[in-house]
file final_21.tsv (TSV, C-alpha atoms)
chain	number	residue	atom	x	y	z
A	1	LEU	CA	115.25	106.83	106.11
A	2	THR	CA	114.04	106.49	102.55
A	3	SER	CA	115.27	109.95	101.56
A	4	ILE	CA	118.63	109.34	103.25
A	5	PHE	CA	119.18	106.00	101.51
A	6	ASP	CA	118.05	107.47	98.20
A	7	SER	CA	120.60	110.24	98.57
A	8	VAL	CA	123.42	107.85	99.45
A	9	PHE	CA	122.48	105.31	96.81
A	10	SER	CA	122.37	107.88	94.01
A	11	GLY	CA	125.52	109.67	95.09
A	12	SER	CA	129.15	109.34	94.10
A	13	LYS	CA	131.27	106.23	93.75
A	14	ARG	CA	132.35	106.71	97.33
A	15	SER	CA	128.69	106.69	98.37
A	16	SER	CA	128.19	103.39	96.55
A	17	THR	CA	131.05	101.94	98.56
A	18	ILE	CA	129.38	103.17	101.72
A	19	VAL	CA	126.13	101.54	100.66
A	20	GLN	CA	127.86	98.21	100.13
A	21	GLY	CA	129.48	98.47	103.53
A	22	LEU	CA	126.17	99.26	105.18
A	23	SER	CA	124.20	96.52	103.43
A	24	ALA	CA	125.21	93.73	105.81
A	25	SER	CA	124.38	95.81	108.88
A	26	ILE	CA	121.06	96.93	107.41
A	27	TYR	CA	120.18	93.34	106.50
A	28	ASN	CA	120.89	92.26	110.08
A	29	TRP	CA	118.79	95.14	111.36
A	30	ALA	CA	115.88	94.03	109.18
A	31	GLU	CA	116.20	90.43	110.36
A	32	LEU	CA	116.29	91.54	113.99
A	33	ALA	CA	113.06	93.50	113.56
A	34	ILE	CA	111.44	90.54	111.81
A	35	ASN	CA	112.47	88.12	114.56
A	36	CYS	CA	110.84	90.36	117.15
A	37	LEU	CA	107.46	89.64	115.55
A	38	HIS	CA	107.46	85.87	116.09
A	39	GLY	CA	104.95	84.84	118.73
A	40	GLU	CA	103.78	88.38	119.47
A	41	SER	CA	100.18	88.31	120.72
A	42	ASP	CA	99.70	91.71	122.33
A	43	PRO	CA	97.80	93.77	119.71
A	44	ARG	CA	99.42	96.99	120.91
A	45	CYS	CA	102.90	95.61	120.29
A	46	LEU	CA	101.83	93.79	117.14
A	47	ILE	CA	100.49	96.91	115.43
A	48	GLN	CA	103.73	98.78	116.20
A	49	LEU	CA	105.90	95.97	114.84
A	50	LEU	CA	103.83	95.62	111.68
A	51	ARG	CA	104.05	99.35	111.02
A	52	LEU	CA	107.79	99.31	111.71
A	53	LEU	CA	108.34	96.43	109.28
A	54	ALA	CA	106.26	98.15	106.61
A	55	GLY	CA	108.41	101.24	107.04
A	56	LEU	CA	111.61	99.20	106.80
A	57	GLN	CA	110.38	97.58	103.59
A	58	GLU	CA	109.95	100.99	102.00
A	59	ALA	CA	113.10	102.54	103.41
A	60	PHE	CA	115.49	99.75	102.45
A	61	VAL	CA	114.51	99.50	98.77
A	62	PRO	CA	117.47	101.61	97.52
A	63	VAL	CA	119.95	99.59	99.56
A	64	LEU	CA	118.94	95.95	99.78
A	65	GLN	CA	116.86	95.39	96.61
A	66	SER	CA	116.95	91.61	96.03
A	67	ASN	CA	118.75	91.06	99.35
A	68	PHE	CA	115.84	92.08	101.55
A	69	PRO	CA	114.81	89.04	103.67
A	70	ILE	CA	111.43	88.61	101.97
A	71	ASP	CA	111.06	84.94	102.96
A	72	ALA	CA	111.77	85.64	106.63
A	73	LEU	CA	109.38	88.59	106.66
A	74	PHE	CA	106.62	86.59	105.00
A	75	ASP	CA	107.07	83.66	107.38
A	76	ALA	CA	106.71	86.04	110.32
A	77	VAL	CA	103.65	87.97	109.16
A	78	SER	CA	101.75	85.17	107.39
A	79	ALA	CA	100.96	83.60	110.76
A	80	TYR	CA	98.61	86.54	111.41
A	81	TYR	CA	96.64	86.09	108.17
A	82	PRO	CA	93.71	86.24	108.15
A	83	VAL	CA	93.42	88.66	111.05
A	84	GLN	CA	91.09	87.29	113.70
A	85	PHE	CA	90.88	89.83	116.48
A	86	THR	CA	88.22	91.30	118.72
A	87	PRO	CA	89.38	94.22	120.89
A	88	PRO	CA	89.07	93.46	124.60
A	89	PRO	CA	86.92	95.80	126.69
A	90	ASN	CA	88.50	98.78	128.45
A	91	MET	CA	91.59	98.73	126.24
A	92	LYS	CA	93.64	101.81	127.16
A	93	VAL	CA	95.37	102.01	123.77
A	94	PRO	CA	92.62	101.12	121.28
A	95	VAL	CA	93.64	98.81	118.45
A	96	THR	CA	90.96	97.68	116.01
A	97	LYS	CA	90.82	94.72	113.68
A	98	GLU	CA	90.86	97.16	110.77
A	99	ASP	CA	94.12	98.68	112.06
A	100	LEU	CA	95.77	95.27	112.10
A	101	VAL	CA	94.38	94.32	108.69
A	102	GLN	CA	95.69	97.51	107.09
A	103	ALA	CA	99.12	97.18	108.70
A	104	LEU	CA	99.44	93.52	107.69
A	105	TRP	CA	98.21	94.13	104.16
A	106	LYS	CA	100.69	96.97	103.66
A	107	ILE	CA	103.46	94.40	104.13
A	108	LEU	CA	101.90	91.58	102.12
A	109	SER	CA	101.10	93.82	99.15
A	110	PHE	CA	104.52	95.52	98.96
A	111	THR	CA	106.10	94.40	95.68
A	112	LYS	CA	108.99	96.80	95.04
A	113	TYR	CA	111.52	94.03	95.69
A	114	ASP	CA	109.77	91.47	93.49
A	115	GLU	CA	111.46	92.15	90.17
A	116	ALA	CA	114.93	91.92	91.70
A	117	CYS	CA	113.95	88.81	93.68
A	118	ILE	CA	112.67	87.03	90.57
A	119	ARG	CA	115.87	87.85	88.69
A	120	ALA	CA	117.82	86.37	91.59
A	121	GLY	CA	115.69	83.21	91.55
A	122	ARG	CA	113.94	83.98	94.83
A	123	ASP	CA	110.29	84.05	95.81
A	124	SER	CA	108.45	87.32	95.31
A	125	MET	CA	106.14	88.82	97.90
A	126	PHE	CA	103.37	88.84	95.29
A	127	GLY	CA	103.71	85.11	94.71
A	128	LEU	CA	103.93	84.29	98.41
A	129	THR	CA	100.88	86.40	99.23
A	130	LEU	CA	98.89	84.90	96.37
A	131	GLY	CA	99.62	81.42	97.71
A	132	LEU	CA	98.49	82.53	101.16
A	133	ILE	CA	95.18	83.82	99.78
A	134	LEU	CA	94.56	80.67	97.73
A	135	ASP	CA	95.20	78.54	100.82
A	136	GLN	CA	92.59	80.64	102.60
A	137	LEU	CA	90.07	80.13	99.80
A	138	LEU	CA	90.70	76.40	99.36
A	139	PRO	CA	92.09	74.84	102.55
A	140	LEU	CA	93.69	71.41	102.47
A	141	PRO	CA	91.25	68.47	102.79
A	142	GLU	CA	92.44	67.73	106.33
A	143	ASP	CA	91.71	71.31	107.43
A	144	GLU	CA	88.38	72.89	108.23
A	145	PRO	CA	86.57	74.16	105.11
A	146	ALA	CA	86.48	77.92	104.64
A	147	THR	CA	83.38	79.70	105.87
A	148	LEU	CA	81.41	82.00	103.59
A	149	GLN	CA	82.89	85.00	105.41
A	150	GLU	CA	86.42	83.64	104.93
A	151	GLN	CA	85.72	82.99	101.25
A	152	LYS	CA	84.39	86.50	100.75
A	153	ASP	CA	87.34	88.05	102.60
A	154	GLY	CA	89.78	85.94	100.60
A	155	LEU	CA	88.19	86.96	97.30
A	156	MET	CA	88.34	90.62	98.30
A	157	ASP	CA	92.02	90.19	99.21
A	158	LEU	CA	92.60	88.57	95.82
A	159	LYS	CA	90.98	91.58	94.18
A	160	LEU	CA	93.26	93.90	96.16
A	161	LEU	CA	96.39	91.90	95.36
A	162	LEU	CA	95.63	91.84	91.64
A	163	ASN	CA	94.91	95.58	91.93
A	164	ILE	CA	91.61	95.49	90.08
A	165	SER	CA	90.10	98.91	89.45
A	166	LYS	CA	87.32	100.39	87.36
A	167	THR	CA	87.57	103.49	85.22
A	168	GLY	CA	84.98	105.77	83.71
A	169	ASN	CA	81.46	104.40	83.95
A	170	ASP	CA	82.68	100.92	85.00
A	171	ALA	CA	82.87	99.89	81.34
A	172	ILE	CA	86.65	99.39	81.56
A	173	VAL	CA	88.28	97.29	84.23
A	174	LYS	CA	92.04	97.27	84.82
A	175	VAL	CA	93.92	94.42	86.48
A	176	GLU	CA	97.33	95.90	87.15
A	177	ALA	CA	98.97	92.61	88.14
A	178	ILE	CA	98.17	91.26	84.68
A	179	GLU	CA	99.01	94.48	82.85
A	180	GLN	CA	102.41	94.55	84.56
A	181	THR	CA	102.89	90.77	84.06
A	182	GLN	CA	103.47	90.26	87.79
A	183	ILE	CA	101.77	86.88	87.65
A	184	ASP	CA	102.67	83.69	85.81
A	185	ALA	CA	100.44	81.25	83.94
A	186	LYS	CA	100.62	78.63	86.68
A	187	ALA	CA	99.28	81.10	89.25
A	188	LEU	CA	96.50	82.13	86.87
A	189	ALA	CA	95.49	78.48	86.53
A	190	GLN	CA	95.34	78.22	90.32
A	191	ILE	CA	93.18	81.34	90.53
A	192	SER	CA	90.84	79.98	87.87
A	193	SER	CA	90.54	76.67	89.71
A	194	ALA	CA	89.81	78.42	93.01
A	195	LEU	CA	87.17	80.71	91.49
A	196	ARG	CA	85.47	77.85	89.70
A	197	SER	CA	85.48	75.63	92.79
A	198	ILE	CA	84.07	78.28	95.12
A	199	HIS	CA	81.50	79.31	92.52
A	200	SER	CA	80.32	75.71	92.15
A	201	GLN	CA	80.01	75.37	95.93
A	202	THR	CA	78.07	78.57	96.48
A	203	ALA	CA	75.98	78.92	93.32
A	204	ILE	CA	73.89	75.85	94.12
A	205	GLN	CA	73.22	77.04	97.68
A	206	GLY	CA	71.13	80.02	96.57
A	207	ALA	CA	70.56	83.05	98.76
A	208	ALA	CA	70.23	81.23	102.07
A	209	GLY	CA	71.72	82.90	105.11
A	210	THR	CA	70.89	84.66	108.32
A	211	PRO	CA	70.28	88.43	108.30
A	212	GLY	CA	73.53	90.38	108.35
A	213	SER	CA	75.66	87.38	107.43
A	214	VAL	CA	77.44	86.61	104.17
A	215	THR	CA	75.24	84.57	101.83
A	216	PRO	CA	76.32	81.98	99.24
A	217	GLN	CA	74.81	84.20	96.56
A	218	GLN	CA	77.09	87.10	97.52
A	219	VAL	CA	80.16	84.88	97.27
A	220	SER	CA	79.13	83.36	93.93
A	221	LEU	CA	78.45	86.82	92.47
A	222	LEU	CA	81.88	87.98	93.61
A	223	CYS	CA	83.42	84.93	91.90
A	224	ARG	CA	81.64	85.81	88.66
A	225	ASP	CA	82.77	89.42	88.77
A	226	LEU	CA	86.40	88.48	89.38
A	227	THR	CA	86.26	85.86	86.64
A	228	SER	CA	85.05	88.39	84.09
A	229	TYR	CA	87.53	91.05	85.19
A	230	ILE	CA	90.51	88.71	84.95
A	231	ALA	CA	89.38	87.19	81.65
A	232	PHE	CA	89.09	90.63	80.07
A	233	ALA	CA	92.53	91.67	81.33
A	234	CYS	CA	94.06	88.43	80.03
A	235	GLU	CA	92.63	89.02	76.57
A	236	GLN	CA	93.97	92.58	76.53
A	237	GLN	CA	97.46	91.46	77.58
A	238	THR	CA	99.62	91.27	74.46
A	239	LYS	CA	103.01	90.68	76.11
A	240	ASN	CA	102.09	87.25	77.44
A	241	LYS	CA	99.52	85.40	75.34
A	242	MET	CA	99.65	82.47	77.75
A	243	TYR	CA	97.50	84.51	80.12
A	244	TRP	CA	94.41	84.22	77.92
A	245	GLN	CA	95.27	80.66	76.91
A	246	THR	CA	95.47	79.64	80.57
A	247	PHE	CA	92.62	81.54	82.15
A	248	VAL	CA	90.03	81.43	79.37
A	249	LYS	CA	90.75	78.70	76.83
A	250	ASP	CA	92.19	76.07	79.17
A	251	THR	CA	89.43	76.70	81.72
A	252	MET	CA	86.73	76.28	79.09
A	253	GLN	CA	88.32	73.08	77.83
A	254	GLU	CA	88.60	71.75	81.37
A	255	ILE	CA	84.88	72.34	81.96
A	256	LEU	CA	83.80	70.72	78.70
A	257	ARG	CA	86.39	67.94	78.48
A	258	GLY	CA	84.94	64.42	78.45
A	259	LYS	CA	81.40	65.51	79.26
A	260	SER	CA	78.23	65.06	77.30
A	261	THR	CA	76.06	68.16	77.12
A	262	SER	CA	73.54	66.59	79.49
A	263	ALA	CA	76.28	66.35	82.14
A	264	TRP	CA	77.01	70.08	82.17
A	265	SER	CA	76.11	71.66	85.49
A	266	ARG	CA	74.38	75.00	85.75
A	267	PRO	CA	77.20	76.57	87.80
A	268	ASP	CA	79.69	75.50	85.10
A	269	ILE	CA	77.48	77.00	82.39
A	270	VAL	CA	77.31	80.28	84.31
A	271	PHE	CA	81.09	80.22	84.77
A	272	LEU	CA	81.51	79.81	81.00
A	273	SER	CA	79.11	82.70	80.50
A	274	CYS	CA	81.24	84.87	82.77
A	275	LEU	CA	84.26	84.16	80.56
A	276	ALA	CA	82.19	85.00	77.49
A	277	SER	CA	80.76	88.20	78.97
A	278	CYS	CA	84.10	89.73	79.96
A	279	GLY	CA	84.01	92.25	77.12
A	280	GLY	CA	86.61	90.59	74.91
A	281	VAL	CA	85.58	89.48	71.43
A	282	LYS	CA	87.99	86.55	71.37
A	283	SER	CA	86.68	85.13	74.64
A	284	LEU	CA	83.07	85.58	73.57
A	285	LYS	CA	83.62	83.85	70.23
A	286	LEU	CA	85.54	80.97	71.78
A	287	VAL	CA	82.89	80.15	74.37
A	288	LEU	CA	79.99	80.54	71.94
A	289	ASP	CA	81.66	78.35	69.30
A	290	HIS	CA	82.17	75.49	71.74
A	291	SER	CA	79.13	75.83	74.00
A	292	LEU	CA	76.15	77.09	72.03
A	293	PRO	CA	75.90	74.45	69.24
A	294	PRO	CA	75.72	71.43	71.59
A	295	LEU	CA	73.14	73.18	73.76
A	296	LEU	CA	70.98	73.99	70.74
A	297	GLU	CA	71.37	70.41	69.54
A	298	VAL	CA	69.97	69.03	72.80
A	299	VAL	CA	66.91	71.25	72.56
A	300	ALA	CA	66.33	70.49	68.88
A	301	GLU	CA	66.81	66.73	68.97
A	302	THR	CA	65.43	65.63	72.34
A	303	ASP	CA	62.00	64.02	72.04
A	304	LEU	CA	60.30	64.34	75.39
A	305	ASN	CA	57.33	62.23	74.31
A	306	SER	CA	59.20	59.08	73.32
A	307	ALA	CA	60.61	58.13	76.71
A	308	GLU	CA	60.14	54.49	77.72
A	309	ASP	CA	59.66	55.27	81.41
A	310	ASP	CA	59.28	58.14	83.85
A	311	PHE	CA	62.96	58.12	84.80
A	312	THR	CA	64.07	58.56	81.19
A	313	ALA	CA	61.46	61.25	80.63
A	314	ALA	CA	62.64	63.17	83.70
A	315	LYS	CA	66.26	62.84	82.63
A	316	ARG	CA	65.50	64.20	79.17
A	317	ALA	CA	63.42	67.03	80.59
A	318	THR	CA	66.29	68.00	82.88
A	319	ALA	CA	68.72	67.99	79.95
A	320	VAL	CA	66.44	70.25	77.92
A	321	SER	CA	65.86	72.57	80.88
A	322	THR	CA	69.60	72.88	81.54
A	323	SER	CA	70.28	73.50	77.86
A	324	LEU	CA	67.66	76.25	77.70
A	325	PHE	CA	69.20	77.73	80.83
A	326	GLY	CA	72.61	77.67	79.14
A	327	ILE	CA	71.31	79.28	75.96
A	328	ALA	CA	69.72	82.08	77.98
A	329	ALA	CA	72.93	82.61	79.96
A	330	LEU	CA	75.04	82.77	76.79
A	331	CYS	CA	72.60	85.22	75.18
A	332	ALA	CA	72.94	87.41	78.24
A	333	ALA	CA	76.72	87.10	77.94
A	334	VAL	CA	76.55	88.44	74.39
A	335	GLN	CA	74.64	91.51	75.57
A	336	THR	CA	76.99	92.10	78.49
A	337	SER	CA	80.06	91.69	76.32
A	338	ALA	CA	78.64	94.05	73.71
A	339	ASN	CA	78.23	96.70	76.38
A	340	ARG	CA	81.85	96.14	77.48
A	341	GLN	CA	80.76	95.94	81.07
A	342	PRO	CA	82.58	92.89	82.48
A	343	ALA	CA	80.36	92.47	85.51
A	344	GLY	CA	79.31	88.88	85.01
A	345	VAL	CA	76.12	87.50	83.59
A	346	VAL	CA	73.20	89.84	84.11
A	347	LEU	CA	69.69	88.45	83.72
A	348	ASP	CA	66.52	89.71	85.35
A	349	PRO	CA	65.68	87.49	87.07
A	350	HIS	CA	69.02	85.68	87.15
A	351	PRO	CA	68.72	81.96	86.27
A	352	LEU	CA	70.35	80.94	89.57
A	353	GLN	CA	68.06	83.14	91.63
A	354	SER	CA	65.01	81.42	93.03
A	355	ASP	CA	61.59	82.94	92.56
call {"tool": "encode", "arguments": {"input": "final_21.tsv", "output": "structure tokens"}}
result
Amino acid sequence: LTSIFDSVFSGSKRSSTIVQGLSASIYNWAELAINCLHGESDPRCLIQLLRLLAGLQEAFVPVLQSNFPIDALFDAVSAYYPVQFTPPPNMKVPVTKEDLVQALWKILSFTKYDEACIRAGRDSMFGLTLGLILDQLLPLPEDEPATLQEQKDGLMDLKLLLNISKTGNDAIVKVEAIEQTQIDAKALAQISSALRSIHSQTAIQGAAGTPGSVTPQQVSLLCRDLTSYIAFACEQQTKNKMYWQTFVKDTMQEILRGKSTSAWSRPDIVFLSCLASCGGVKSLKLVLDHSLPPLLEVVAETDLNSAEDDFTAAKRATAVSTSLFGIAALCAAVQTSANRQPAGVVLDPHPLQSD
């Protein structure tokens, strides 16, 4: 189909007229296929429909462009995200969870219509899918909180959607969605908020977990990696300077705003260190300029021996301990940034890792 439509679309003026005449019928065909998906629960039928819709997405690009029913397609397939499926025993036509995940993701990650949709003032598949992932990571208060497995899966899907890849010896990380300016500043702010929230939840839980299960430490490390990758890509993006402003500078200001140094939490300090360690000089300088002096001031000026009572002494000791922790994390960020390996804060042992 794709080759046929390409041939017709690129042909003569008469062919263009044919394309226009076919557009309405093709649109109806696409809508019919989409409507067949609603309520489908048989995995054998579901996998066939998902693959059919993915094929139609690709085939109809030359013809429909901004007219493809993206909203209708998303509404139909989003009900199956995230895929929760266990194959029943003795299934004659085997369908695995991985099969369904791949077929669904092929649809959700297809962005060839997005540019035309945005020009026409319509939602893009990238934006719709990003919202779906963020809802998975941070459910509404009235919904059940996300499990560690769901958080990990959502973060991995975010990594796939942003198309994050490493080159060479992992020293350079590319985030294609930022390089191609597929994302806007508002969405970046939402991603930053989600990463920071999940990191705060999981970093304080340590490495607890049953064997074979996802641990809080794994999720928090994934948050740190993604934070550094995105921060580095935002700093490298020259077409849209709001990227760096939103993801790095605004996030740092949000963490520090209205707080005394003694009120900084260790997860927030580590998150700042991830921004600093991304490999970008501007990010490193910004975080150090605003974070390091107040931490050093706490250590230099706090008198642990002049406390009037045990409570005050303990409070001061905690402030000094947290400040020393922050200084160590920022020093590690300098080393990581210097090596241009945006893989988060690397300390041995890591400050958040229990002995």
call {"tool": "residues_around", "arguments": {"input": "final_21.tsv", "residues": "Gln65 (chain A)", "least_positions_apart": "2", "cutoff": "8 Å", "atoms": "all atoms listed in the file", "output": "PyMOL selection string"}}
result
chain A and resi 60-63+67-68+113+116-117
call {"tool": "residues_around", "arguments": {"input": "final_21.tsv", "residues": "Lys97 (chain A)", "least_positions_apart": "3", "cutoff": "8 Å", "atoms": "only C-alpha atoms", "output": "JSON list (two decimals) with C-alpha atoms, in the coordinates of the input"}}
result
[["chain", "number", "residue", "atom", "x", "y", "z"],
["A", 83, "VAL", "CA", 93.42, 88.66, 111.05],
["A", 84, "GLN", "CA", 91.09, 87.29, 113.70],
["A", 85, "PHE", "CA", 90.88, 89.83, 116.48],
["A", 86, "THR", "CA", 88.22, 91.30, 118.72],
["A", 87, "PRO", "CA", 89.38, 94.22, 120.89],
["A", 100, "LEU", "CA", 95.77, 95.27, 112.10],
["A", 101, "VAL", "CA", 94.38, 94.32, 108.69]]
call {"tool": "closest_residue", "arguments": {"input": "final_21.tsv", "among": "A:Leu272, A:Leu148, A:Leu104, A:Ile118", "to": "Gln182 (chain A)", "atoms": "all atoms listed in the file"}}
result
A:Ile118
call {"tool": "closest_residue", "arguments": {"input": "final_21.tsv", "among": "A:Arg51, A:His38, A:Lys152, A:Lys112", "to": "Pro82 (chain A)", "atoms": "all atoms listed in the file"}}
result
A:Lys152
call {"tool": "atom_distance", "arguments": {"input": "final_21.tsv", "atom1": "CA of Leu292 (chain A)", "atom2": "CA of Ile327 (chain A)"}}
result
6.6 Å
call {"tool": "atom_distance", "arguments": {"input": "final_21.tsv", "atom1": "CA of Val287 (chain A)", "atom2": "CA of Thr215 (chain A)"}}
result
28.8 Å
call {"tool": "axis_aligned_box", "arguments": {"input": "final_21.tsv", "around": "region 34-43 of chain A", "padding_each_side": "8 Å", "output": "AutoDock Vina command-line options"}}
result
--center_x 105.1 --center_y 89.3 --center_z 117.1 --size_x 30.7 --size_y 24.9 --size_z 26.5
call {"tool": "closest_residue", "arguments": {"input": "final_21.tsv", "among": "A:Ala103, A:Leu330, A:Leu195, A:Val93", "to": "Leu138 (chain A)", "atoms": "all atoms listed in the file"}}
result
A:Leu195
call {"tool": "residues_around", "arguments": {"input": "final_21.tsv", "residues": "Pro94 (chain A)", "least_positions_apart": "3", "cutoff": "12 Å", "atoms": "all atoms listed in the file", "output": "PDB file with C-alpha atoms, in the frame of the given file"}}
result
ATOM      1  CA  ASP A  42      99.700  91.710 122.330  1.00  0.00           C
ATOM      2  CA  PRO A  43      97.800  93.770 119.710  1.00  0.00           C
ATOM      3  CA  ARG A  44      99.420  96.990 120.910  1.00  0.00           C
ATOM      4  CA  CYS A  45     102.900  95.610 120.290  1.00  0.00           C
ATOM      5  CA  ILE A  47     100.490  96.910 115.430  1.00  0.00           C
ATOM      6  CA  THR A  86      88.220  91.300 118.720  1.00  0.00           C
ATOM      7  CA  PRO A  87      89.380  94.220 120.890  1.00  0.00           C
ATOM      8  CA  PRO A  88      89.070  93.460 124.600  1.00  0.00           C
ATOM      9  CA  PRO A  89      86.920  95.800 126.690  1.00  0.00           C
ATOM     10  CA  ASN A  90      88.500  98.780 128.450  1.00  0.00           C
ATOM     11  CA  MET A  91      91.590  98.730 126.240  1.00  0.00           C
ATOM     12  CA  LYS A  97      90.820  94.720 113.680  1.00  0.00           C
ATOM     13  CA  GLU A  98      90.860  97.160 110.770  1.00  0.00           C
ATOM     14  CA  ASP A  99      94.120  98.680 112.060  1.00  0.00           C
ATOM     15  CA  LEU A 100      95.770  95.270 112.100  1.00  0.00           C
TER      16      LEU A 100
END
call {"tool": "closest_residue", "arguments": {"input": "final_21.tsv", "among": "A:Glu144, A:Asp184, A:Glu297, A:Asp268", "to": "Trp244 (chain A)", "atoms": "only C-alpha atoms"}}
result
A:Asp184
call {"tool": "closest_residue", "arguments": {"input": "final_21.tsv", "among": "A:Thr181, A:Thr251, A:Ser265, A:Ser213", "to": "Lys239 (chain A)", "atoms": "all atoms listed in the file"}}
result
A:Thr181
call {"tool": "closest_residue", "arguments": {"input": "final_21.tsv", "among": "A:Ala146, A:Asn240, A:Met125, A:Val219", "to": "Ala72 (chain A)", "atoms": "only C-alpha atoms"}}
result
A:Met125
call {"tool": "atom_distance", "arguments": {"input": "final_21.tsv", "atom1": "CA of Ala333 (chain A)", "atom2": "CA of Phe271 (chain A)"}}
result
10.6 Å
call {"tool": "residues_around", "arguments": {"input": "final_21.tsv", "residues": "Leu162 (chain A)", "least_positions_apart": "6", "cutoff": "7 Å", "atoms": "only C-alpha atoms", "output": "number ranges by chain"}}
result
A: 175-177
call {"tool": "residues_around", "arguments": {"input": "final_21.tsv", "residues": "Leu286 (chain A)", "least_positions_apart": "5", "cutoff": "9 Å", "atoms": "only C-alpha atoms", "output": "number ranges by chain"}}
result
A: 248-249, 252, 276, 281, 291
call {"tool": "residues_near_point", "arguments": {"input": "final_21.tsv", "point": "(103.4, 83.8, 97.1)", "cutoff": "12 Å", "atoms": "all atoms listed in the file", "output": "MDAnalysis selection string"}}
result
chainID A and resid 70:71 74:75 78 108:111 114 118 122:135 158 161 182:184 186:187 190
call {"tool": "residues_near_point", "arguments": {"input": "final_21.tsv", "point": "(63.7, 70.2, 70.2)", "cutoff": "12 Å", "atoms": "all atoms listed in the file", "output": "PyMOL selection string"}}
result
chain A and resi 295-305+316-317+319-321+323-324
